[in-house]
file my_file-v3.cif (mmCIF, C-alpha atoms)
data_coords
loop_
_atom_site.label_atom_id
_atom_site.label_comp_id
_atom_site.auth_asym_id
_atom_site.auth_seq_id
_atom_site.Cartn_x
_atom_site.Cartn_y
_atom_site.Cartn_z
CA MET A 1 -34.40 -22.18 18.09
CA CYS A 2 -31.48 -24.28 16.78
CA VAL A 3 -28.15 -24.53 18.61
CA PHE A 4 -26.37 -22.26 16.12
CA HIS A 5 -28.93 -19.47 16.57
CA ARG A 6 -28.76 -19.84 20.37
CA VAL A 7 -24.95 -19.40 20.31
CA ILE A 8 -25.25 -16.32 18.10
CA PHE A 9 -28.00 -14.88 20.35
CA LEU A 10 -25.85 -15.51 23.45
CA LEU A 11 -22.79 -13.84 21.86
CA VAL A 12 -24.78 -10.82 20.70
CA SER A 13 -26.42 -10.41 24.09
CA LEU A 14 -23.03 -10.55 25.86
CA LEU A 15 -21.33 -8.12 23.46
CA PRO A 16 -22.59 -4.92 25.15
CA SER A 17 -21.00 -6.01 28.44
CA PHE A 18 -17.58 -6.04 26.74
CA VAL A 19 -17.97 -2.57 25.25
CA PHE A 20 -17.33 0.33 27.59
CA ALA A 21 -19.74 3.23 27.46
CA ALA A 22 -20.47 6.30 29.52
CA SER A 23 -22.32 5.39 32.66
CA PRO A 24 -24.52 7.54 34.87
CA GLY A 25 -24.15 7.70 38.60
CA THR A 26 -26.76 6.67 41.12
CA LEU A 27 -28.78 8.92 43.38
CA GLY A 28 -27.06 9.49 46.69
CA THR A 29 -25.00 11.93 48.73
CA THR A 30 -22.37 11.57 46.02
CA SER A 31 -22.72 10.26 42.53
CA THR A 32 -20.02 9.03 40.22
CA GLY A 33 -20.30 8.65 36.46
CA THR A 34 -17.73 7.72 33.88
CA VAL A 35 -16.98 9.09 30.41
CA ASN A 36 -14.72 7.40 27.91
CA ILE A 37 -12.50 9.71 25.84
CA SER A 38 -10.94 8.82 22.49
CA ILE A 39 -9.14 10.74 19.79
CA THR A 40 -7.44 9.72 16.57
CA ILE A 41 -4.54 11.84 15.32
CA PRO A 42 -4.03 11.44 11.56
CA ALA A 43 -0.61 11.51 9.94
CA LEU A 44 0.18 15.21 9.49
CA VAL A 45 2.93 16.96 7.51
CA GLN A 46 3.83 20.58 6.79
CA ILE A 47 6.46 22.39 4.71
CA THR A 48 7.50 25.94 5.64
CA ASN A 49 10.42 28.37 5.27
CA LEU A 50 10.81 28.06 1.49
CA SER A 51 12.41 30.93 -0.44
CA ASP A 52 12.46 31.75 -4.15
CA ILE A 53 15.57 30.71 -6.07
CA THR A 54 16.95 33.49 -8.28
CA LEU A 55 20.14 32.76 -10.19
CA GLY A 56 20.28 36.05 -12.07
CA SER A 57 22.51 36.46 -15.12
CA THR A 58 25.31 33.94 -15.35
CA SER A 59 27.74 32.59 -17.93
CA SER A 60 29.43 30.18 -15.53
CA PHE A 61 28.14 26.62 -15.45
CA PRO A 62 27.06 24.55 -13.73
CA ALA A 63 24.77 27.17 -12.18
CA SER A 64 23.06 26.05 -8.98
CA GLY A 65 20.58 27.47 -6.52
CA ASN A 66 18.73 26.19 -3.48
CA THR A 67 16.27 26.91 -0.73
CA THR A 68 16.12 25.33 2.67
CA ALA A 69 12.85 24.20 4.19
CA CYS A 70 11.34 23.08 7.46
CA ILE A 71 9.49 19.77 7.29
CA TYR A 72 7.20 18.75 10.14
CA SER A 73 5.93 15.17 10.20
CA ASN A 74 4.25 13.21 12.97
CA VAL A 75 4.47 10.00 10.92
CA ALA A 76 5.52 7.29 13.35
CA SER A 77 7.40 4.77 11.25
CA PRO A 78 10.07 5.99 11.16
CA LEU A 79 9.34 9.07 13.23
CA GLY A 80 9.45 12.25 11.14
CA SER A 81 9.31 10.51 7.76
CA TYR A 82 7.57 11.84 4.65
CA TYR A 83 7.47 11.75 0.84
CA VAL A 84 8.16 14.56 -1.63
CA THR A 85 6.50 15.21 -5.00
CA ALA A 86 7.81 18.23 -6.89
CA SER A 87 6.13 19.39 -10.09
CA SER A 88 7.23 21.97 -12.65
CA VAL A 89 4.55 24.22 -14.13
CA ASN A 90 6.47 23.95 -17.44
CA THR A 91 6.96 20.20 -17.29
CA SER A 92 7.32 18.11 -20.39
CA GLY A 93 7.01 14.45 -19.55
CA SER A 94 8.95 14.29 -16.32
CA ASP A 95 11.43 17.12 -16.98
CA PHE A 96 11.68 20.33 -14.98
CA ARG A 97 11.83 23.28 -17.38
CA VAL A 98 12.11 27.05 -17.24
CA LYS A 99 10.36 29.07 -19.97
CA ASP A 100 10.97 32.49 -21.50
CA SER A 101 8.17 34.87 -22.48
CA GLY A 102 7.91 33.14 -25.85
CA THR A 103 8.14 29.46 -26.67
CA ASP A 104 11.67 28.60 -25.54
CA TYR A 105 12.38 26.17 -22.70
CA ILE A 106 15.47 25.01 -20.84
CA ILE A 107 15.51 21.72 -18.95
CA TYR A 108 17.14 21.77 -15.51
CA SER A 109 17.84 19.22 -12.79
CA ALA A 110 16.14 19.32 -9.38
CA TYR A 111 17.12 17.59 -6.15
CA TRP A 112 15.87 17.04 -2.61
CA ASN A 113 18.04 16.61 0.44
CA ASN A 114 16.55 15.56 3.77
CA THR A 115 19.07 17.79 5.56
CA SER A 116 19.59 21.53 5.16
CA SER A 117 22.69 20.94 3.00
CA PRO A 118 22.32 21.87 -0.69
CA SER A 119 23.90 18.60 -1.82
CA GLN A 120 22.24 16.72 -4.64
CA THR A 121 21.02 13.75 -2.63
CA THR A 122 17.72 12.65 -4.21
CA THR A 123 17.14 13.37 -7.89
CA LEU A 124 13.61 14.61 -8.46
CA THR A 125 11.44 13.80 -11.46
CA SER A 126 8.61 16.26 -12.06
CA GLY A 127 5.34 14.83 -10.76
CA THR A 128 6.88 11.68 -9.26
CA LYS A 129 6.85 10.88 -5.53
CA THR A 130 10.26 10.17 -3.97
CA ALA A 131 11.15 7.22 -1.81
CA GLN A 132 10.43 7.77 1.87
CA GLN A 133 12.51 10.60 3.35
CA THR A 134 13.53 10.92 7.00
CA GLY A 135 14.65 13.82 9.14
CA GLY A 136 11.41 15.77 9.50
CA SER A 137 10.76 17.34 12.86
CA ALA A 138 8.18 15.44 14.88
CA VAL A 139 8.36 17.97 17.71
CA SER A 140 8.19 21.49 16.28
CA LEU A 141 6.08 22.90 13.42
CA SER A 142 8.79 25.54 12.95
CA CYS A 143 11.73 23.09 13.30
CA SER A 144 12.75 25.16 16.33
CA GLY A 145 13.75 28.00 13.99
CA SER A 146 16.10 25.99 11.80
CA SER A 147 15.85 24.03 8.56
CA ASN A 148 15.92 20.28 8.06
CA ALA A 149 15.54 19.90 4.27
CA ASN A 150 16.79 21.45 1.02
CA PHE A 151 15.39 21.82 -2.51
CA ASN A 152 18.10 22.60 -5.05
CA ILE A 153 18.41 23.02 -8.79
CA ASN A 154 21.21 22.85 -11.31
CA PHE A 155 21.71 24.04 -14.90
CA THR A 156 24.58 22.48 -16.83
CA ALA A 157 26.33 24.09 -19.80
CA ALA A 158 24.83 21.39 -22.04
CA GLN A 159 21.31 22.24 -20.83
CA VAL A 160 21.59 25.96 -21.67
CA GLN A 161 23.66 25.57 -24.84
CA GLY A 162 21.71 26.93 -27.80
CA ALA A 163 19.07 28.67 -25.67
CA PRO A 164 18.20 32.20 -26.85
CA ALA A 165 19.18 35.07 -24.55
CA ALA A 166 16.13 35.82 -22.38
CA SER A 167 14.83 35.64 -18.84
CA TYR A 168 13.44 32.21 -18.03
CA SER A 169 11.31 31.15 -15.07
CA ASP A 170 9.35 28.27 -13.61
CA VAL A 171 7.12 27.61 -10.64
CA VAL A 172 7.72 24.38 -8.75
CA THR A 173 5.07 22.99 -6.45
CA ILE A 174 6.48 20.85 -3.66
CA VAL A 175 4.00 18.49 -2.03
CA ILE A 176 4.97 16.80 1.23
CA SER A 177 2.83 13.76 2.06
CA PRO A 178 2.79 11.21 4.90
CA THR A 179 2.36 8.24 2.55
#
call {"tool": "encode", "arguments": {"input": "my_file-v3.cif", "output": "structure tokens"}}
result
Amino acid sequence: MCVFHRVIFLLVSLLPSFVFAASPGTLGTTSTGTVNISITIPALVQITNLSDITLGSTSSFPASGNTTACIYSNVASPLGSYYVTASSVNTSGSDFRVKDSGTDYIIYSAYWNNTSSPSQTTTLTSGTKTAQQTGGSAVSLSCSGSSNANFNINFTAAQVQGAPAASYSDVVTIVISPT
């Protein structure tokens, strides 16, 4: 056996002594064994406490609506961080759009705020992940009964100008992800 193979054989034969494994006890009046325990917790996120946004009939613009949300995130760097991807069922390109029962659409603006305030902090583009957000609860799945995020929408006069009178709607899917 050459020197190289002897070194490899020696290293491989020593390897098990460096790895801890469960060990049985010996026969006696007492016997002690050991068990190693390990667990891996993946990055987990959850969104709860959303409500539908109903603006009703309005002739005053801008017209805005919002819903608060509870975001849980155990992501460690920074603690409670997450990403948001919101998608409109009526999207065209990257626009959020409401649709009537026919073929008419109205584009609207959508925003995310990593606090419960309805301010227009992060502009959303349908189907596009935001930059990393902070402020998610890393302690409570229910945010201790409060909200820590806000999804809000806005229709400007220019966006609704020329739209036929009708009821319009959309469904937005909000995906919270750890990366």
call {"tool": "residues_around", "arguments": {"input": "my_file-v3.cif", "residues": "A:Ala149", "least_positions_apart": "5", "cutoff": "7 Å", "atoms": "all atoms listed in the file", "output": "ChimeraX atom specification"}}
result
/A:68-71,113-116
call {"tool": "residues_around", "arguments": {"input": "my_file-v3.cif", "residues": "A:Ala158", "least_positions_apart": "2", "cutoff": "12 Å", "atoms": "only C-alpha atoms", "output": "list in words"}}
result
Ser60, Phe61, Pro62, Ala63, Ile106, Ile107, Tyr108, Ser109, Asn154, Phe155, Thr156, Val160, Gln161, Gly162 and Ala163 of chain A
call {"tool": "atom_distance", "arguments": {"input": "my_file-v3.cif", "atom1": "atom CA of A:Asn66", "atom2": "atom CA of A:Asn150"}}
result
6.8 Å
call {"tool": "atom_distance", "arguments": {"input": "my_file-v3.cif", "atom1": "atom CA of A:Ala165", "atom2": "atom CA of A:Asp100"}}
result
9.1 Å
call {"tool": "closest_residue", "arguments": {"input": "my_file-v3.cif", "among": "A:Ser126, A:Thr179, A:Asn36, A:Ser23", "to": "A:Thr91", "atoms": "only C-alpha atoms"}}
result
A:Ser126
call {"tool": "resolve_selection", "arguments": {"input": "my_file-v3.cif", "expression": "the PyMOL selection byres ((chain A and resi 33) around 10)", "output": "PyMOL selection string"}}
result
chain A and resi 22-26+31-32+34-35
call {"tool": "residues_around", "arguments": {"input": "my_file-v3.cif", "residues": "A:Gly65", "least_positions_apart": "3", "cutoff": "10 Å", "atoms": "all atoms listed in the file", "output": "PDB file with C-alpha atoms, keeping the file's coordinate frame"}}
result
ATOM      1  CA  ASP A  52      12.460  31.750  -4.150  1.00  0.00           C
ATOM      2  CA  ILE A  53      15.570  30.710  -6.070  1.00  0.00           C
ATOM      3  CA  THR A  54      16.950  33.490  -8.280  1.00  0.00           C
ATOM      4  CA  LEU A  55      20.140  32.760 -10.190  1.00  0.00           C
ATOM      5  CA  ALA A 110      16.140  19.320  -9.380  1.00  0.00           C
ATOM      6  CA  PRO A 118      22.320  21.870  -0.690  1.00  0.00           C
ATOM      7  CA  PHE A 151      15.390  21.820  -2.510  1.00  0.00           C
ATOM      8  CA  ASN A 152      18.100  22.600  -5.050  1.00  0.00           C
ATOM      9  CA  ILE A 153      18.410  23.020  -8.790  1.00  0.00           C
ATOM     10  CA  ASN A 154      21.210  22.850 -11.310  1.00  0.00           C
ATOM     11  CA  PHE A 155      21.710  24.040 -14.900  1.00  0.00           C
TER      12      PHE A 155
END
call {"tool": "closest_residue", "arguments": {"input": "my_file-v3.cif", "among": "A:Thr48, A:Ser73, A:Thr67, A:Thr121", "to": "A:Val139", "atoms": "all atoms listed in the file"}}
result
A:Ser73
call {"tool": "resolve_selection", "arguments": {"input": "my_file-v3.cif", "expression": "the PyMOL selection byres ((chain A and resi 44) around 8)", "output": "list in words"}}
result
Pro42, Ala43, Val45, Gln46, Tyr72, Ser73, Asn74, Val75 and Pro178 of chain A
call {"tool": "write_last_selection", "arguments": {"input": "my_file-v3.cif", "atoms": "C-alpha atoms", "output": "tab-separated table (two decimals), in the coordinates of the input"}}
result
chain	number	residue	atom	x	y	z
A	42	PRO	CA	-4.03	11.44	11.56
A	43	ALA	CA	-0.61	11.51	9.94
A	45	VAL	CA	2.93	16.96	7.51
A	46	GLN	CA	3.83	20.58	6.79
A	72	TYR	CA	7.20	18.75	10.14
A	73	SER	CA	5.93	15.17	10.20
A	74	ASN	CA	4.25	13.21	12.97
A	75	VAL	CA	4.47	10.00	10.92
A	178	PRO	CA	2.79	11.21	4.90
call {"tool": "resolve_selection", "arguments": {"input": "my_file-v3.cif", "expression": "the PyMOL selection byres ((chain A and resi 95) around 12)", "output": "list in words"}}
result
Ala86, Ser87, Ser88, Val89, Asn90, Thr91, Ser92, Gly93, Ser94, Phe96, Arg97, Val98, Tyr105, Ile106, Ile107, Tyr108, Ser109, Ala110, Thr123, Leu124, Thr125, Ser126, Gly127, Thr128, Gln159, Asp170 and Val172 of chain A
call {"tool": "closest_residue", "arguments": {"input": "my_file-v3.cif", "among": "A:Ala166, A:Ala21, A:Ala138, A:Ile41", "to": "A:Tyr82", "atoms": "only C-alpha atoms"}}
result
A:Ala138
call {"tool": "axis_aligned_box", "arguments": {"input": "my_file-v3.cif", "around": "stretch 151-163 of chain A", "padding_each_side": "5 Å", "output": "JSON"}}
result
{"center_x": 20.9, "center_y": 25.0, "center_z": -15.2, "size_x": 20.9, "size_y": 17.3, "size_z": 35.3}
call {"tool": "atom_distance", "arguments": {"input": "my_file-v3.cif", "atom1": "atom CA of A:Tyr111", "atom2": "atom CA of A:Thr130"}}
result
10.3 Å
call {"tool": "closest_residue", "arguments": {"input": "my_file-v3.cif", "among": "A:Ser38, A:Ser144, A:Tyr168, A:Lys129", "to": "A:Gly56", "atoms": "only C-alpha atoms"}}
result
A:Tyr168
call {"tool": "closest_residue", "arguments": {"input": "my_file-v3.cif", "among": "A:Ser119, A:Asn148, A:Ser101, A:Ser64", "to": "A:Thr134", "atoms": "only C-alpha atoms"}}
result
A:Asn148
call {"tool": "closest_residue", "arguments": {"input": "my_file-v3.cif", "among": "A:Ser142, A:Ala157, A:Ser147, A:Ser167", "to": "A:Ser51", "atoms": "all atoms listed in the file"}}
result
A:Ser147
call {"tool": "decode", "arguments": {"input": "my_file-v3.cif", "residues": "stretch 13-160 of chain A", "atoms": "C-alpha atoms", "output": "mmCIF file, in the first residue's frame"}}
result
data_model
loop_
_atom_site.group_PDB
_atom_site.id
_atom_site.type_symbol
_atom_site.label_atom_id
_atom_site.label_comp_id
_atom_site.auth_asym_id
_atom_site.auth_seq_id
_atom_site.Cartn_x
_atom_site.Cartn_y
_atom_site.Cartn_z
ATOM 1 C CA SER A 13 -10.682 4.673 10.113
ATOM 2 C CA LEU A 14 -10.440 7.592 12.584
ATOM 3 C CA LEU A 15 -13.522 9.389 11.235
ATOM 4 C CA PRO A 16 -16.089 7.344 13.207
ATOM 5 C CA SER A 17 -14.400 8.326 16.472
ATOM 6 C CA PHE A 18 -15.095 11.996 15.693
ATOM 7 C CA VAL A 19 -18.771 11.440 14.913
ATOM 8 C CA PHE A 20 -21.076 11.125 17.903
ATOM 9 C CA ALA A 21 -23.686 8.394 17.800
ATOM 10 C CA ALA A 22 -26.086 6.797 20.224
ATOM 11 C CA SER A 23 -24.283 4.469 22.560
ATOM 12 C CA PRO A 24 -25.626 1.556 24.563
ATOM 13 C CA GLY A 25 -24.920 1.090 28.226
ATOM 14 C CA THR A 26 -23.073 -1.823 29.754
ATOM 15 C CA LEU A 27 -24.517 -4.594 31.880
ATOM 16 C CA GLY A 28 -24.433 -3.724 35.555
ATOM 17 C CA THR A 29 -26.494 -2.538 38.502
ATOM 18 C CA THR A 30 -27.048 0.635 36.495
ATOM 19 C CA SER A 31 -26.581 1.248 32.833
ATOM 20 C CA THR A 32 -26.203 4.532 31.039
ATOM 21 C CA GLY A 33 -26.715 5.125 27.336
ATOM 22 C CA THR A 34 -26.669 8.297 25.322
ATOM 23 C CA VAL A 35 -28.896 9.567 22.510
ATOM 24 C CA ASN A 36 -28.076 12.533 20.328
ATOM 25 C CA ILE A 37 -31.007 14.787 19.400
ATOM 26 C CA SER A 38 -31.097 17.142 16.421
ATOM 27 C CA ILE A 39 -33.769 19.176 14.705
ATOM 28 C CA THR A 40 -33.721 21.665 11.854
ATOM 29 C CA ILE A 41 -36.332 24.415 11.824
ATOM 30 C CA PRO A 42 -36.898 25.780 8.305
ATOM 31 C CA ALA A 43 -37.672 29.421 7.615
ATOM 32 C CA LEU A 44 -41.431 29.734 8.163
ATOM 33 C CA VAL A 45 -43.851 32.559 7.326
ATOM 34 C CA GLN A 46 -47.607 33.049 7.627
ATOM 35 C CA ILE A 47 -50.109 35.766 6.678
ATOM 36 C CA THR A 48 -53.407 36.055 8.563
ATOM 37 C CA ASN A 49 -56.116 38.593 9.434
ATOM 38 C CA LEU A 50 -56.762 39.833 5.883
ATOM 39 C CA SER A 51 -60.150 41.368 5.056
ATOM 40 C CA ASP A 52 -61.838 42.087 1.730
ATOM 41 C CA ILE A 53 -61.581 45.661 0.445
ATOM 42 C CA THR A 54 -64.930 47.058 -0.719
ATOM 43 C CA LEU A 55 -64.975 50.658 -1.906
ATOM 44 C CA GLY A 56 -68.625 50.717 -2.963
ATOM 45 C CA SER A 57 -69.960 53.460 -5.225
ATOM 46 C CA THR A 58 -67.836 56.584 -5.289
ATOM 47 C CA SER A 59 -67.384 59.681 -7.422
ATOM 48 C CA SER A 60 -64.635 61.152 -5.250
ATOM 49 C CA PHE A 61 -61.053 60.418 -6.242
ATOM 50 C CA PRO A 62 -58.536 59.305 -5.311
ATOM 51 C CA ALA A 63 -60.485 56.377 -3.848
ATOM 52 C CA SER A 64 -58.479 54.203 -1.473
ATOM 53 C CA GLY A 65 -59.028 51.073 0.557
ATOM 54 C CA ASN A 66 -56.894 48.816 2.708
ATOM 55 C CA THR A 67 -56.697 45.743 4.867
ATOM 56 C CA THR A 68 -54.337 45.105 7.722
ATOM 57 C CA ALA A 69 -52.576 41.784 8.124
ATOM 58 C CA CYS A 70 -50.570 39.784 10.615
ATOM 59 C CA ILE A 71 -47.238 38.521 9.304
ATOM 60 C CA TYR A 72 -45.352 35.847 11.233
ATOM 61 C CA SER A 73 -41.763 35.142 10.224
ATOM 62 C CA ASN A 74 -39.043 33.207 12.026
ATOM 63 C CA VAL A 75 -36.455 34.331 9.458
ATOM 64 C CA ALA A 76 -33.350 35.224 11.447
ATOM 65 C CA SER A 77 -31.601 37.864 9.378
ATOM 66 C CA PRO A 78 -33.048 40.282 10.202
ATOM 67 C CA LEU A 79 -35.457 38.671 12.635
ATOM 68 C CA GLY A 80 -39.048 38.762 11.358
ATOM 69 C CA SER A 81 -38.164 39.610 7.754
ATOM 70 C CA TYR A 82 -40.032 38.405 4.670
ATOM 71 C CA TYR A 83 -40.842 39.143 1.017
ATOM 72 C CA VAL A 84 -44.217 39.927 -0.565
ATOM 73 C CA THR A 85 -45.494 38.956 -4.016
ATOM 74 C CA ALA A 86 -48.991 40.183 -4.847
ATOM 75 C CA SER A 87 -50.719 39.077 -8.046
ATOM 76 C CA SER A 88 -53.928 40.309 -9.658
ATOM 77 C CA VAL A 89 -56.206 37.710 -11.236
ATOM 78 C CA ASN A 90 -56.921 40.312 -13.958
ATOM 79 C CA THR A 91 -53.306 41.305 -14.487
ATOM 80 C CA SER A 92 -52.066 42.629 -17.771
ATOM 81 C CA GLY A 93 -48.301 42.683 -17.834
ATOM 82 C CA SER A 94 -47.547 43.893 -14.336
ATOM 83 C CA ASP A 95 -50.678 46.011 -13.755
ATOM 84 C CA PHE A 96 -53.319 45.350 -11.129
ATOM 85 C CA ARG A 97 -56.764 45.575 -12.744
ATOM 86 C CA VAL A 98 -60.403 45.260 -11.746
ATOM 87 C CA LYS A 99 -62.838 43.860 -14.325
ATOM 88 C CA ASP A 100 -66.568 44.281 -14.908
ATOM 89 C CA SER A 101 -68.838 41.435 -16.012
ATOM 90 C CA GLY A 102 -67.948 42.164 -19.625
ATOM 91 C CA THR A 103 -64.612 43.102 -21.130
ATOM 92 C CA ASP A 104 -63.842 46.398 -19.379
ATOM 93 C CA TYR A 105 -60.880 46.821 -17.028
ATOM 94 C CA ILE A 106 -59.607 49.584 -14.766
ATOM 95 C CA ILE A 107 -55.974 49.698 -13.662
ATOM 96 C CA TYR A 108 -55.347 50.521 -9.999
ATOM 97 C CA SER A 109 -52.300 50.983 -7.790
ATOM 98 C CA ALA A 110 -51.424 48.594 -4.955
ATOM 99 C CA TYR A 111 -49.067 49.108 -2.026
ATOM 100 C CA TRP A 112 -47.567 47.220 0.912
ATOM 101 C CA ASN A 113 -46.627 48.714 4.227
ATOM 102 C CA ASN A 114 -44.671 46.719 6.805
ATOM 103 C CA THR A 115 -46.636 48.441 9.581
ATOM 104 C CA SER A 116 -50.396 48.477 10.113
ATOM 105 C CA SER A 117 -50.632 52.021 8.702
ATOM 106 C CA PRO A 118 -52.387 52.321 5.312
ATOM 107 C CA SER A 119 -49.640 54.568 3.941
ATOM 108 C CA GLN A 120 -48.341 53.851 0.463
ATOM 109 C CA THR A 121 -44.877 52.680 1.445
ATOM 110 C CA THR A 122 -43.884 49.992 -1.081
ATOM 111 C CA THR A 123 -45.408 50.115 -4.555
ATOM 112 C CA LEU A 124 -46.411 46.646 -5.693
ATOM 113 C CA THR A 125 -46.149 45.318 -9.228
ATOM 114 C CA SER A 126 -48.400 42.358 -9.968
ATOM 115 C CA GLY A 127 -46.398 39.131 -9.832
ATOM 116 C CA THR A 128 -43.146 40.750 -8.704
ATOM 117 C CA LYS A 129 -41.471 40.043 -5.351
ATOM 118 C CA THR A 130 -40.732 43.099 -3.199
ATOM 119 C CA ALA A 131 -37.447 43.935 -1.556
ATOM 120 C CA GLN A 132 -37.028 42.365 1.875
ATOM 121 C CA GLN A 133 -39.606 43.632 4.373
ATOM 122 C CA THR A 134 -39.139 43.788 8.141
ATOM 123 C CA GLY A 135 -41.525 43.984 11.056
ATOM 124 C CA GLY A 136 -43.027 40.494 11.020
ATOM 125 C CA SER A 137 -43.678 38.908 14.380
ATOM 126 C CA ALA A 138 -41.116 36.261 15.257
ATOM 127 C CA VAL A 139 -42.894 35.459 18.520
ATOM 128 C CA SER A 140 -46.626 35.085 17.865
ATOM 129 C CA LEU A 141 -48.471 33.452 14.939
ATOM 130 C CA SER A 142 -51.393 35.789 15.710
ATOM 131 C CA CYS A 143 -49.220 38.904 16.238
ATOM 132 C CA SER A 144 -50.590 38.934 19.798
ATOM 133 C CA GLY A 145 -53.982 39.985 18.425
ATOM 134 C CA SER A 146 -52.794 43.026 16.495
ATOM 135 C CA SER A 147 -51.644 43.765 12.954
ATOM 136 C CA ASN A 148 -48.146 44.496 11.706
ATOM 137 C CA ALA A 149 -48.659 44.998 7.951
ATOM 138 C CA ASN A 150 -51.047 46.678 5.498
ATOM 139 C CA PHE A 151 -52.123 46.031 1.896
ATOM 140 C CA ASN A 152 -53.735 49.076 0.316
ATOM 141 C CA ILE A 153 -55.072 50.118 -3.067
ATOM 142 C CA ASN A 154 -55.772 53.383 -4.801
ATOM 143 C CA PHE A 155 -57.831 54.464 -7.826
ATOM 144 C CA THR A 156 -57.047 57.888 -9.286
ATOM 145 C CA ALA A 157 -59.478 59.973 -11.334
ATOM 146 C CA ALA A 158 -57.272 59.405 -14.392
ATOM 147 C CA GLN A 159 -57.467 55.623 -13.918
ATOM 148 C CA VAL A 160 -61.296 55.523 -13.867
#
